[in-house]
>>> print(open('target22.cif').read())   # mmCIF, C-alpha atoms
data_start
loop_
_atom_site.label_atom_id
_atom_site.label_comp_id
_atom_site.auth_asym_id
_atom_site.auth_seq_id
_atom_site.Cartn_x
_atom_site.Cartn_y
_atom_site.Cartn_z
CA MET A 1 -179.82 -45.55 165.19
CA LYS A 2 -177.81 -46.75 162.27
CA PRO A 3 -180.40 -45.66 159.67
CA THR A 4 -180.54 -42.24 161.32
CA LEU A 5 -176.75 -41.83 161.24
CA LEU A 6 -176.67 -42.89 157.61
CA LEU A 7 -179.31 -40.29 156.66
CA LEU A 8 -177.39 -37.52 158.45
CA ALA A 9 -174.20 -38.42 156.58
CA VAL A 10 -175.98 -38.23 153.21
CA LEU A 11 -177.46 -34.81 154.05
CA VAL A 12 -174.06 -33.42 155.09
CA GLY A 13 -172.50 -34.69 151.85
CA LEU A 14 -175.18 -33.07 149.70
CA THR A 15 -174.77 -29.76 151.50
CA ALA A 16 -170.98 -29.78 150.96
CA CYS A 17 -171.43 -30.60 147.28
CA LYS A 18 -173.87 -27.72 146.75
CA SER A 19 -171.54 -25.33 148.58
CA SER A 20 -168.58 -26.36 146.43
CA LYS A 21 -170.62 -25.98 143.25
CA ALA A 22 -171.89 -22.58 144.32
CA GLU A 23 -168.37 -21.38 145.04
CA HIS A 24 -167.20 -22.66 141.65
CA GLU A 25 -170.05 -20.91 139.85
CA ASP A 26 -169.44 -17.78 141.87
CA GLU A 27 -165.82 -17.66 140.77
CA HIS A 28 -166.80 -17.96 137.11
CA GLY A 29 -169.61 -15.48 137.58
CA HIS A 30 -167.20 -12.87 138.91
CA GLY A 31 -164.94 -13.50 135.91
CA HIS A 32 -167.75 -12.41 133.61
CA GLU A 33 -169.17 -9.62 135.74
CA GLU A 34 -165.89 -7.81 136.54
CA ALA A 35 -164.66 -5.35 133.86
CA SER A 36 -161.69 -6.88 132.09
CA PRO A 37 -158.56 -4.71 131.79
CA GLU A 38 -158.72 -2.40 128.75
CA LYS A 39 -156.61 -3.86 125.95
CA LEU A 40 -155.86 -3.12 122.30
CA HIS A 41 -158.34 -4.83 120.02
CA VAL A 42 -158.94 -5.04 116.30
CA GLU A 43 -162.29 -4.76 114.53
CA SER A 44 -162.37 -6.60 111.23
CA GLY A 45 -164.67 -5.90 108.32
CA ASP A 46 -164.48 -3.94 105.10
CA VAL A 47 -162.25 -1.47 106.99
CA ILE A 48 -159.98 -2.70 109.78
CA HIS A 49 -159.76 -0.42 112.82
CA VAL A 50 -157.24 -0.70 115.63
CA HIS A 51 -158.47 0.58 118.99
CA VAL A 52 -155.73 1.72 121.39
CA PRO A 53 -156.55 2.46 125.06
CA ARG A 54 -155.62 5.89 126.31
CA GLU A 55 -152.98 4.49 128.68
CA MET A 56 -151.28 2.66 125.82
CA LEU A 57 -151.66 5.64 123.47
CA ARG A 58 -149.53 7.76 125.78
CA ASP A 59 -146.72 5.21 125.59
CA LEU A 60 -146.88 4.95 121.79
CA ARG A 61 -145.84 8.60 121.22
CA VAL A 62 -147.55 8.69 117.86
CA THR A 63 -146.34 11.11 115.18
CA THR A 64 -147.80 11.46 111.71
CA ALA A 65 -146.77 12.68 108.27
CA LYS A 66 -148.55 13.55 105.03
CA VAL A 67 -148.30 11.34 101.98
CA GLU A 68 -146.55 13.44 99.36
CA ALA A 69 -145.72 13.50 95.69
CA ARG A 70 -142.07 13.62 94.73
CA PRO A 71 -140.16 13.50 91.45
CA GLY A 72 -140.38 10.10 89.83
CA GLY A 73 -138.47 8.27 87.17
CA GLU A 74 -134.82 7.34 87.44
CA SER A 75 -132.65 9.15 89.94
CA VAL A 76 -129.03 9.26 90.99
CA THR A 77 -127.61 9.58 94.50
CA ALA A 78 -124.50 11.73 94.97
CA LEU A 79 -122.51 12.86 97.98
CA GLY A 80 -121.32 16.38 98.65
CA GLU A 81 -120.63 19.15 101.13
CA LEU A 82 -122.64 22.24 101.99
CA THR A 83 -121.03 25.60 101.27
CA PHE A 84 -121.83 29.28 100.89
CA SER A 85 -123.20 30.71 97.69
CA GLU A 86 -120.34 32.28 95.73
CA ASP A 87 -122.36 35.47 95.41
CA ALA A 88 -123.08 35.68 99.16
CA TYR A 89 -119.69 35.14 100.77
CA ALA A 90 -116.79 37.51 101.44
CA GLU A 91 -113.42 37.43 103.15
CA VAL A 92 -112.35 40.80 104.53
CA ALA A 93 -108.63 41.45 105.03
CA SER A 94 -106.53 44.54 105.58
CA PRO A 95 -105.25 45.85 102.22
CA VAL A 96 -101.95 46.78 103.87
CA SER A 97 -99.93 45.70 106.88
CA ALA A 98 -101.64 47.47 109.80
CA ARG A 99 -102.39 47.23 113.50
CA VAL A 100 -105.94 46.55 114.71
CA ALA A 101 -107.07 49.52 116.80
CA ALA A 102 -110.77 48.62 117.33
CA VAL A 103 -113.18 45.80 116.50
CA ALA A 104 -116.89 46.56 116.11
CA VAL A 105 -118.49 43.14 115.45
CA THR A 106 -118.31 39.61 116.81
CA THR A 107 -118.83 36.09 115.51
CA GLY A 108 -122.46 35.25 114.76
CA GLN A 109 -123.50 38.89 114.39
CA ALA A 110 -125.64 39.91 111.42
CA VAL A 111 -124.20 42.83 109.46
CA LYS A 112 -125.32 45.06 106.60
CA GLN A 113 -123.32 46.08 103.58
CA GLY A 114 -121.13 49.09 104.47
CA GLN A 115 -121.31 48.43 108.22
CA ARG A 116 -118.12 49.17 110.21
CA LEU A 117 -116.17 46.04 111.11
CA ALA A 118 -112.85 47.29 112.49
CA GLU A 119 -110.49 50.27 112.60
CA LEU A 120 -106.81 49.82 111.73
CA HIS A 121 -103.70 52.00 111.70
CA SER A 122 -100.89 51.76 109.15
CA PRO A 123 -97.72 53.90 108.92
CA GLU A 124 -97.56 53.04 105.22
CA LEU A 125 -101.01 54.49 104.77
CA GLY A 126 -99.95 57.64 106.64
CA ARG A 127 -97.04 58.10 104.27
CA ALA A 128 -99.31 57.60 101.26
CA ARG A 129 -101.70 60.26 102.52
CA ALA A 130 -98.79 62.66 103.15
CA ASP A 131 -97.56 62.03 99.61
CA LEU A 132 -101.00 62.85 98.28
CA GLN A 133 -101.05 66.13 100.20
CA ALA A 134 -97.64 67.07 98.84
CA THR A 135 -98.53 66.26 95.23
CA GLN A 136 -101.79 68.19 95.54
CA ALA A 137 -99.91 71.21 96.83
CA ARG A 138 -97.39 71.00 93.96
CA ALA A 139 -100.18 70.60 91.44
CA THR A 140 -101.99 73.65 92.79
CA ALA A 141 -98.82 75.77 92.62
CA ALA A 142 -98.02 74.53 89.10
CA ARG A 143 -101.51 75.32 87.89
CA GLN A 144 -101.40 78.82 89.37
CA ALA A 145 -97.98 79.44 87.74
CA ALA A 146 -99.29 78.29 84.35
CA ASP A 147 -102.34 80.54 84.65
CA ARG A 148 -100.16 83.53 85.58
CA LYS A 149 -97.78 83.01 82.66
CA ARG A 150 -100.69 82.65 80.29
CA THR A 151 -101.92 86.07 81.41
CA LEU A 152 -98.44 87.58 81.01
CA ALA A 153 -98.11 86.04 77.55
CA GLU A 154 -101.35 87.70 76.49
CA GLU A 155 -99.76 91.01 77.57
CA ARG A 156 -96.60 90.05 75.64
CA ILE A 157 -94.54 90.13 78.83
CA VAL A 158 -93.32 86.51 78.64
CA ALA A 159 -92.62 84.30 75.69
CA ARG A 160 -95.10 81.67 74.47
CA LYS A 161 -92.60 78.88 75.13
CA ASP A 162 -92.58 79.80 78.85
CA VAL A 163 -96.36 79.34 78.93
CA GLN A 164 -96.04 75.94 77.29
CA ALA A 165 -93.40 74.87 79.81
CA ALA A 166 -95.63 75.98 82.71
CA GLU A 167 -98.60 74.06 81.30
CA ALA A 168 -96.46 70.93 81.01
CA ASP A 169 -95.33 71.30 84.65
CA ALA A 170 -98.96 71.68 85.78
CA ALA A 171 -100.07 68.63 83.81
CA ALA A 172 -97.23 66.55 85.30
CA ALA A 173 -98.16 67.66 88.83
CA GLU A 174 -101.81 66.74 88.25
CA ALA A 175 -100.72 63.32 86.98
CA GLU A 176 -98.76 62.83 90.21
CA VAL A 177 -101.92 63.65 92.18
CA ALA A 178 -103.89 61.03 90.26
CA ALA A 179 -101.17 58.45 90.89
CA ALA A 180 -101.08 59.27 94.61
CA LYS A 181 -104.86 58.91 94.84
CA ALA A 182 -104.71 55.55 93.04
CA ALA A 183 -102.03 54.35 95.45
CA LEU A 184 -104.14 55.47 98.39
CA THR A 185 -107.19 53.69 97.01
CA ALA A 186 -105.16 50.51 96.55
CA LEU A 187 -104.25 50.70 100.24
CA GLY A 188 -107.92 50.89 101.19
CA ALA A 189 -107.78 54.48 102.33
CA GLY A 190 -111.02 55.47 100.71
CA SER A 191 -113.09 54.08 103.60
CA ALA A 192 -112.11 56.43 106.43
CA GLY A 193 -109.41 58.52 108.00
CA GLY A 194 -108.53 62.13 107.46
CA GLU A 195 -105.78 63.48 105.27
CA GLY A 196 -102.36 62.85 106.74
CA THR A 197 -103.60 60.23 109.23
CA SER A 198 -102.74 56.53 109.33
CA GLY A 199 -106.17 55.20 110.35
CA PHE A 200 -108.76 53.51 108.13
CA VAL A 201 -111.91 51.42 108.57
CA LEU A 202 -112.81 47.97 107.22
CA LYS A 203 -116.46 47.73 106.18
CA ALA A 204 -118.73 44.78 105.34
CA PRO A 205 -118.90 44.31 101.56
CA ILE A 206 -122.18 42.34 101.69
CA ASP A 207 -125.18 41.65 103.92
CA GLY A 208 -124.73 38.49 105.97
CA THR A 209 -123.51 36.93 109.19
CA VAL A 210 -120.00 37.10 110.61
CA VAL A 211 -119.15 33.39 110.54
CA GLU A 212 -115.52 33.87 111.59
CA ARG A 213 -113.53 36.69 113.20
CA THR A 214 -109.78 36.49 113.70
CA ALA A 215 -109.26 40.21 114.35
CA ARG A 216 -107.92 40.96 117.85
CA LEU A 217 -107.08 44.28 119.42
CA GLY A 218 -103.44 45.19 118.95
CA GLN A 219 -102.60 42.43 116.48
CA MET A 220 -100.66 43.14 113.30
CA ALA A 221 -102.92 42.37 110.34
CA ASP A 222 -101.38 40.53 107.40
CA PRO A 223 -102.96 41.42 104.03
CA SER A 224 -102.86 37.73 103.04
CA GLN A 225 -104.94 36.62 106.04
CA PRO A 226 -108.65 37.55 106.32
CA LEU A 227 -109.76 39.21 109.54
CA PHE A 228 -113.47 38.47 108.93
CA ARG A 229 -115.47 35.92 106.96
CA ILE A 230 -119.03 36.97 106.15
CA GLY A 231 -121.69 34.81 104.53
CA ASP A 232 -125.39 34.82 103.85
CA LEU A 233 -126.80 31.72 105.58
CA SER A 234 -130.35 32.08 104.24
CA SER A 235 -129.50 30.28 100.98
CA LEU A 236 -126.71 27.71 100.67
CA TRP A 237 -125.13 25.58 97.97
CA LEU A 238 -124.55 21.85 98.06
CA VAL A 239 -121.85 20.79 95.63
CA VAL A 240 -122.10 17.06 94.83
CA HIS A 241 -120.07 14.98 92.41
CA ALA A 242 -122.00 12.82 89.94
CA PHE A 243 -120.47 10.28 87.57
CA GLU A 244 -120.26 11.62 84.04
CA ARG A 245 -122.79 9.08 82.66
CA ASP A 246 -125.36 10.46 85.13
CA ALA A 247 -124.34 14.12 85.15
CA VAL A 248 -125.02 14.55 81.43
CA ARG A 249 -128.68 13.64 82.10
CA LEU A 250 -129.19 16.12 84.93
CA LYS A 251 -131.27 19.19 84.12
CA PRO A 252 -130.93 22.63 85.77
CA GLY A 253 -134.06 23.47 87.71
CA ALA A 254 -134.84 19.84 88.58
CA ASP A 255 -136.05 19.18 92.13
CA ALA A 256 -133.75 17.15 94.37
CA ARG A 257 -134.00 15.61 97.84
CA VAL A 258 -131.16 16.09 100.32
CA THR A 259 -130.45 14.27 103.58
CA PHE A 260 -127.86 15.20 106.20
CA ALA A 261 -126.13 12.97 108.74
CA ALA A 262 -126.84 15.67 111.32
CA PHE A 263 -130.62 15.37 110.75
CA PRO A 264 -131.48 11.65 110.44
CA GLY A 265 -134.92 10.97 109.04
CA GLN A 266 -135.37 14.48 107.60
CA GLU A 267 -135.29 15.50 103.95
CA PHE A 268 -134.63 18.95 102.55
CA ALA A 269 -135.77 20.24 99.17
CA ALA A 270 -133.21 21.57 96.69
CA LYS A 271 -132.97 22.58 93.05
CA VAL A 272 -130.26 21.85 90.53
CA GLY A 273 -128.62 25.22 89.90
CA HIS A 274 -125.71 24.29 87.66
CA VAL A 275 -124.11 21.21 86.12
CA GLY A 276 -120.35 21.52 85.67
CA GLN A 277 -118.69 21.68 82.27
CA ARG A 278 -115.52 19.77 83.12
CA VAL A 279 -114.93 16.13 84.08
CA ASP A 280 -112.48 15.38 86.87
CA PRO A 281 -109.94 13.06 85.15
CA ARG A 282 -109.22 11.14 88.36
CA SER A 283 -112.73 10.43 89.66
CA ARG A 284 -114.57 10.73 86.31
CA THR A 285 -117.18 12.89 88.04
CA ILE A 286 -118.73 16.28 87.29
CA PRO A 287 -119.55 18.81 90.02
CA VAL A 288 -123.25 19.60 90.34
CA ARG A 289 -124.48 22.60 92.32
CA LEU A 290 -127.72 22.28 94.28
CA GLU A 291 -129.38 25.32 95.85
CA LEU A 292 -131.11 25.00 99.23
CA ASP A 293 -133.27 27.43 101.16
CA ASN A 294 -132.06 27.76 104.76
CA GLY A 295 -134.67 30.14 106.07
CA LYS A 296 -134.95 28.22 109.36
CA GLY A 297 -131.19 28.38 109.92
CA LEU A 298 -130.79 24.66 110.58
CA LEU A 299 -128.03 24.02 108.06
CA ARG A 300 -124.35 24.90 108.42
CA PRO A 301 -121.66 25.21 105.74
CA GLY A 302 -119.36 22.21 105.84
CA MET A 303 -122.08 19.65 106.58
CA SER A 304 -121.86 16.43 104.56
CA ALA A 305 -124.97 15.41 102.66
CA SER A 306 -126.46 12.90 100.24
CA ALA A 307 -128.66 14.11 97.39
CA SER A 308 -131.15 12.18 95.29
CA ILE A 309 -131.48 13.89 91.90
CA PRO A 310 -133.92 12.86 89.12
CA LEU A 311 -132.46 12.00 85.74
CA GLY A 312 -133.90 13.16 82.44
CA GLU A 313 -136.79 15.53 81.92
CA PRO A 314 -138.61 16.69 85.06
CA GLY A 315 -142.37 16.21 85.44
CA ALA A 316 -142.95 12.57 86.42
CA THR A 317 -144.02 12.12 90.04
CA LEU A 318 -144.58 9.25 92.45
CA THR A 319 -146.32 8.84 95.81
CA ALA A 320 -144.04 8.45 98.82
CA VAL A 321 -144.24 8.05 102.61
CA PRO A 322 -141.57 7.90 105.33
CA ALA A 323 -140.05 4.41 105.44
CA ALA A 324 -140.99 3.99 109.12
CA ALA A 325 -144.70 4.32 108.25
CA LEU A 326 -144.77 1.02 106.29
CA GLN A 327 -145.05 -2.13 108.40
CA ARG A 328 -144.93 -5.75 107.29
CA LEU A 329 -147.75 -8.07 108.35
CA GLU A 330 -148.37 -11.66 107.35
CA ASN A 331 -150.54 -10.68 104.38
CA GLY A 332 -148.39 -7.80 103.12
CA TRP A 333 -147.48 -4.18 103.80
CA VAL A 334 -149.78 -1.90 105.81
CA VAL A 335 -149.91 1.62 107.15
CA PHE A 336 -151.96 3.07 109.98
CA LEU A 337 -154.05 6.20 109.51
CA PRO A 338 -155.42 8.22 112.44
CA THR A 339 -159.20 8.68 112.50
CA ALA A 340 -161.39 11.40 113.95
CA GLU A 341 -161.85 9.28 117.09
CA ALA A 342 -158.94 9.49 119.51
CA GLY A 343 -157.09 6.21 119.88
CA VAL A 344 -158.63 4.64 116.77
CA PHE A 345 -156.44 3.96 113.74
CA GLU A 346 -157.36 2.56 110.36
CA GLN A 347 -155.16 -0.29 109.18
CA ARG A 348 -154.79 -0.15 105.40
CA GLU A 349 -152.97 -2.42 102.98
CA VAL A 350 -150.65 -0.72 100.51
CA GLY A 351 -148.48 -1.68 97.58
CA ARG A 352 -144.82 -1.07 98.35
CA GLY A 353 -142.47 0.23 95.67
CA ARG A 354 -138.77 1.08 95.74
CA SER A 355 -136.80 2.61 98.57
CA LEU A 356 -136.08 6.34 98.21
CA GLY A 357 -133.61 7.03 100.98
CA THR A 358 -135.66 7.90 104.06
CA GLN A 359 -138.88 7.41 102.08
CA VAL A 360 -140.58 4.53 100.27
CA GLU A 361 -142.62 4.60 97.08
CA VAL A 362 -146.28 3.59 97.52
CA LEU A 363 -147.87 2.01 94.47
CA SER A 364 -151.45 1.66 95.79
CA GLY A 365 -153.63 2.23 98.83
CA LEU A 366 -152.79 5.88 99.49
CA VAL A 367 -153.20 9.23 97.81
CA VAL A 368 -151.24 12.44 98.20
CA GLY A 369 -152.41 14.28 101.33
CA ASP A 370 -153.36 11.19 103.38
CA GLU A 371 -151.97 11.28 106.91
CA VAL A 372 -150.11 8.20 108.15
CA VAL A 373 -148.57 7.20 111.47
CA VAL A 374 -144.76 7.30 111.43
CA GLU A 375 -143.39 7.05 114.97
CA GLY A 376 -145.53 4.47 116.75
CA ALA A 377 -146.38 2.47 113.61
CA PHE A 378 -144.06 -0.38 114.59
CA LEU A 379 -145.64 -0.68 118.05
CA LEU A 380 -149.13 -0.63 116.54
CA LYS A 381 -148.11 -3.44 114.23
CA ALA A 382 -146.60 -5.42 117.12
CA GLU A 383 -149.80 -5.05 119.16
CA VAL A 384 -151.91 -6.09 116.18
CA GLU A 385 -149.80 -9.23 115.74
CA LYS A 386 -150.04 -9.94 119.47
CA SER A 387 -153.82 -9.47 119.38
CA GLU A 388 -154.20 -11.78 116.38
CA GLY A 389 -151.99 -14.39 118.01
CA GLY A 390 -154.01 -14.25 121.19
CA GLY A 391 -157.27 -14.67 119.26
CA ASP A 392 -155.95 -17.83 117.60
CA GLU A 393 -154.99 -19.34 120.95
CA HIS A 394 -158.46 -18.78 122.38
CA GLY A 395 -160.01 -20.13 119.25
CA HIS A 396 -158.13 -23.38 119.68
#
>>> encode(input="target22.cif", output="structure tokens")
Amino acid sequence: MKPTLLLLAVLVGLTACKSSKAEHEDEHGHGHEEASPEKLHVESGDVIHVHVPREMLRDLRVTTAKVEARPGGESVTALGELTFSEDAYAEVASPVSARVAAVAVTTGQAVKQGQRLAELHSPELGRARADLQATQARATAARQAADRKRTLAEERIVARKDVQAAEADAAAAEAEVAAAKAALTALGAGSAGGEGTSGFVLKAPIDGTVVERTARLGQMADPSQPLFRIGDLSSLWLVVHAFERDAVRLKPGADARVTFAAFPGQEFAAKVGHVGQRVDPRSRTIPVRLELDNGKGLLRPGMSASASIPLGEPGATLTAVPAAALQRLENGWVVFLPTAEAGVFEQREVGRGRSLGTQVEVLSGLVVGDEVVVEGAFLLKAEVEKSEGGGDEHGH
């Protein structure tokens, strides 16, 4: 019996061993047969491509920008404040102390030149109109008397000196009419209101937008205080102050780049319109006027800004990309370019130049018009580094 029991024990042991081995192989087999979770991976070769799964691509929130050419050479950075163009801004006040009887526009409203803004009433204006009526009546009577005496003098009924005296009276009366009209015009009466009335109308002197309205019904208008401020917002001026050593090298018509604290990461194009002729003795700076197009209506007068202005003769250009597009890897600087295939990005090495505010100069690797990833570039770089680190660990 003992040999039989020994044989049975050996057979049971072999069976258990095979079962354990089969289970072990089965576990490894499933590891190879099951689809591994989709992960970012990098294909190396002449051109490096980064493949991003769709799930990860949604989280990256990728945005892109075009590589562009911008003025090169030396430049100067100057600070300033946005304001209205001098030719497209007006303050409208009552020419005389008057009471506001009606207001026709409100803040933010677009107006045309000559459009009615408000109606006012002024006793002083009423008196001026009454004076004009009186002088006109006297002038008419004096002219009629002079004409009558001239006729009588031709018939030798009155003396010639009487005719001369009548002509002098008529001329004096007509001069009084001219003076009364001038006084009425100075009071702003030419805009509206009938003869002998105290009402007149304020009208918009330019096309633009009502940026401020202080006129209120029933208030007494002070000639020294504007009731309306009107400006054209489509084109604005940025007045910056450059040190004299830089200002003398600035050229009218040169292209400039402007950034605003209110719009981080954005740049606006501008042109040098005028370089001041006088140096501020305290700051040793010269005012420089930049002209900006505001067709989209994003900018507001009063905004603070920083401008980068090229020095010397215009013409030299350089290649630039948003600073966020450049990422630092172990071997140098790279950018990521989207390809025709969704979720696939080309990783390309570039030569990095100087910082240009929100942009960076690119010395090599890109040409004007290339499209690069901006938002999402840092996460792509982080995933690439993670992927390369993981590959090294498996290799070891």
>>> closest_residue(input="target22.cif", among="A:Leu318, A:Leu120, A:Leu298, A:Ala165", to="Ala146 in chain A", atoms="all atoms listed in the file")
A:Ala165
>>> resolve_selection(input="target22.cif", expression="the PyMOL selection byres ((chain A and resi 142) around 7)", output="PDB file with C-alpha atoms, in the frame of the given file")
ATOM      1  CA  ARG A 138     -97.390  71.000  93.960  1.00  0.00           C
ATOM      2  CA  ALA A 139    -100.180  70.600  91.440  1.00  0.00           C
ATOM      3  CA  THR A 140    -101.990  73.650  92.790  1.00  0.00           C
ATOM      4  CA  ALA A 141     -98.820  75.770  92.620  1.00  0.00           C
ATOM      5  CA  ARG A 143    -101.510  75.320  87.890  1.00  0.00           C
ATOM      6  CA  GLN A 144    -101.400  78.820  89.370  1.00  0.00           C
ATOM      7  CA  ALA A 145     -97.980  79.440  87.740  1.00  0.00           C
ATOM      8  CA  ALA A 146     -99.290  78.290  84.350  1.00  0.00           C
ATOM      9  CA  ALA A 166     -95.630  75.980  82.710  1.00  0.00           C
ATOM     10  CA  ASP A 169     -95.330  71.300  84.650  1.00  0.00           C
ATOM     11  CA  ALA A 170     -98.960  71.680  85.780  1.00  0.00           C
ATOM     12  CA  ALA A 173     -98.160  67.660  88.830  1.00  0.00           C
TER      13      ALA A 173
END
>>> residues_around(input="target22.cif", residues="Leu202 in chain A", least_positions_apart="6", cutoff="8 Å", atoms="all atoms listed in the file", output="PDB file with C-alpha atoms, in the frame of the given file")
ATOM      1  CA  VAL A  92    -112.350  40.800 104.530  1.00  0.00           C
ATOM      2  CA  SER A  94    -106.530  44.540 105.580  1.00  0.00           C
ATOM      3  CA  ARG A 116    -118.120  49.170 110.210  1.00  0.00           C
ATOM      4  CA  LEU A 117    -116.170  46.040 111.110  1.00  0.00           C
ATOM      5  CA  ALA A 118    -112.850  47.290 112.490  1.00  0.00           C
ATOM      6  CA  GLU A 119    -110.490  50.270 112.600  1.00  0.00           C
ATOM      7  CA  LEU A 120    -106.810  49.820 111.730  1.00  0.00           C
ATOM      8  CA  SER A 191    -113.090  54.080 103.600  1.00  0.00           C
TER       9      SER A 191
END
>>> atom_distance(input="target22.cif", atom1="CA of Gln359 in chain A", atom2="CA of Ala320 in chain A")
6.2 Å
>>> residues_around(input="target22.cif", residues="Gly365 in chain A", least_positions_apart="5", cutoff="7 Å", atoms="only C-alpha atoms", output="mmCIF file with C-alpha atoms, in the coordinates of the input")
data_model
loop_
_atom_site.group_PDB
_atom_site.id
_atom_site.type_symbol
_atom_site.label_atom_id
_atom_site.label_comp_id
_atom_site.auth_asym_id
_atom_site.auth_seq_id
_atom_site.Cartn_x
_atom_site.Cartn_y
_atom_site.Cartn_z
ATOM 1 C CA GLU A 349 -152.970 -2.420 102.980
ATOM 2 C CA VAL A 350 -150.650 -0.720 100.510
ATOM 3 C CA GLY A 351 -148.480 -1.680 97.580
#
>>> resolve_selection(input="target22.cif", expression="the PyMOL selection byres ((chain A and resi 354) around 12)", output="compact mmCIF listing (two decimals) with C-alpha atoms, in the coordinates of the input")
# COMPACT_ATOMS: atom_id res chain seq x y z
CA GLY A 72 -140.38 10.10 89.83
CA GLY A 73 -138.47 8.27 87.17
CA GLU A 74 -134.82 7.34 87.44
CA SER A 75 -132.65 9.15 89.94
CA LEU A 318 -144.58 9.25 92.45
CA THR A 319 -146.32 8.84 95.81
CA ALA A 320 -144.04 8.45 98.82
CA VAL A 321 -144.24 8.05 102.61
CA ALA A 323 -140.05 4.41 105.44
CA GLY A 351 -148.48 -1.68 97.58
CA ARG A 352 -144.82 -1.07 98.35
CA GLY A 353 -142.47 0.23 95.67
CA SER A 355 -136.80 2.61 98.57
CA LEU A 356 -136.08 6.34 98.21
CA GLY A 357 -133.61 7.03 100.98
CA THR A 358 -135.66 7.90 104.06
CA GLN A 359 -138.88 7.41 102.08
CA VAL A 360 -140.58 4.53 100.27
CA GLU A 361 -142.62 4.60 97.08
CA VAL A 362 -146.28 3.59 97.52
CA LEU A 363 -147.87 2.01 94.47
>>> resolve_selection(input="target22.cif", expression="the PyMOL selection byres ((chain A and resi 268-284) around 8)", output="list in words")
Phe243, Glu244, Ala247, Leu250, Lys251, Pro252, Gly253, Ala254, Asp255, Ala256, Arg257, Val258, Thr259, Gln266, Glu267, Thr285, Ile286, Pro287, Val288, Arg289, Leu290, Glu291, Leu292 and Asp293 of chain A
>>> closest_residue(input="target22.cif", among="A:Leu60, A:Ala69, A:Val47, A:Val374", to="Pro322 in chain A", atoms="all atoms listed in the file")
A:Val374
>>> residues_around(input="target22.cif", residues="range 377-380 of chain A", least_positions_apart="3", cutoff="9 Å", atoms="only C-alpha atoms", output="VMD selection string")
chain A and resid 50 52 60 62 to 63 324 to 327 335 to 336 372 to 374 383 to 385
>>> atom_distance(input="target22.cif", atom1="CA of Arg148 in chain A", atom2="CA of Asp162 in chain A")
10.8 Å
>>> closest_residue(input="target22.cif", among="A:Thr209, A:Asn331, A:Ser364, A:Gln347", to="Ile48 in chain A", atoms="only C-alpha atoms")
A:Gln347
>>> closest_residue(input="target22.cif", among="A:Phe260, A:Ala182, A:Lys161, A:Lys66", to="Arg129 in chain A", atoms="only C-alpha atoms")
A:Ala182
>>> residues_around(input="target22.cif", residues="Leu227 in chain A", least_positions_apart="3", cutoff="12 Å", atoms="all atoms listed in the file", output="ChimeraX atom specification")
/A:90-95,98-100,103,105-107,117-120,202-204,210-217,219-224,230
>>> atom_distance(input="target22.cif", atom1="CA of Glu174 in chain A", atom2="CA of Gln136 in chain A")
7.4 Å
>>> closest_residue(input="target22.cif", among="A:Val239, A:Met56, A:Leu311, A:Val67", to="Val368 in chain A", atoms="all atoms listed in the file")
A:Val67
>>> closest_residue(input="target22.cif", among="A:Pro301, A:Gly80, A:Ala134, A:Ser306", to="Pro264 in chain A", atoms="all atoms listed in the file")
A:Ser306
>>> residues_near_point(input="target22.cif", point="(-149.9, -11.0, 110.2)", cutoff="9 Å", atoms="all atoms listed in the file", output="mmCIF file with C-alpha atoms, in the coordinates of the input")
data_model
loop_
_atom_site.group_PDB
_atom_site.id
_atom_site.type_symbol
_atom_site.label_atom_id
_atom_site.label_comp_id
_atom_site.auth_asym_id
_atom_site.auth_seq_id
_atom_site.Cartn_x
_atom_site.Cartn_y
_atom_site.Cartn_z
ATOM 1 C CA ARG A 328 -144.930 -5.750 107.290
ATOM 2 C CA LEU A 329 -147.750 -8.070 108.350
ATOM 3 C CA GLU A 330 -148.370 -11.660 107.350
ATOM 4 C CA ASN A 331 -150.540 -10.680 104.380
ATOM 5 C CA GLY A 332 -148.390 -7.800 103.120
ATOM 6 C CA LYS A 381 -148.110 -3.440 114.230
ATOM 7 C CA VAL A 384 -151.910 -6.090 116.180
ATOM 8 C CA GLU A 385 -149.800 -9.230 115.740
ATOM 9 C CA GLU A 388 -154.200 -11.780 116.380
ATOM 10 C CA GLY A 389 -151.990 -14.390 118.010
#
>>> axis_aligned_box(input="target22.cif", around="range 54-65 of chain A", padding_each_side="3 Å", output="JSON")
{"center_x": -150.7, "center_y": 7.7, "center_z": 118.5, "size_x": 15.8, "size_y": 16.0, "size_z": 26.4}
>>> build_atoms(input="target22.cif", residues="range 57-62 of chain A", atoms="N, CA and C atoms", output="short mmCIF file (atom, residue, chain, number, x, y, z; two decimals), in the frame of the given file")
data_model
loop_
_atom_site.label_atom_id
_atom_site.label_comp_id
_atom_site.auth_asym_id
_atom_site.auth_seq_id
_atom_site.Cartn_x
_atom_site.Cartn_y
_atom_site.Cartn_z
N LEU A 57 -151.89 4.59 124.47
CA LEU A 57 -151.66 5.64 123.47
C LEU A 57 -150.59 6.61 123.95
N ARG A 58 -150.56 6.87 125.25
CA ARG A 58 -149.53 7.76 125.78
C ARG A 58 -148.14 7.17 125.59
N ASP A 59 -148.02 5.87 125.73
CA ASP A 59 -146.72 5.21 125.59
C ASP A 59 -146.27 5.11 124.12
N LEU A 60 -147.23 5.10 123.20
CA LEU A 60 -146.88 4.95 121.79
C LEU A 60 -146.16 6.16 121.22
N ARG A 61 -146.45 7.36 121.73
CA ARG A 61 -145.84 8.60 121.22
C ARG A 61 -146.01 8.71 119.70
N VAL A 62 -147.23 8.72 119.28
CA VAL A 62 -147.55 8.69 117.86
C VAL A 62 -147.22 10.02 117.19
#
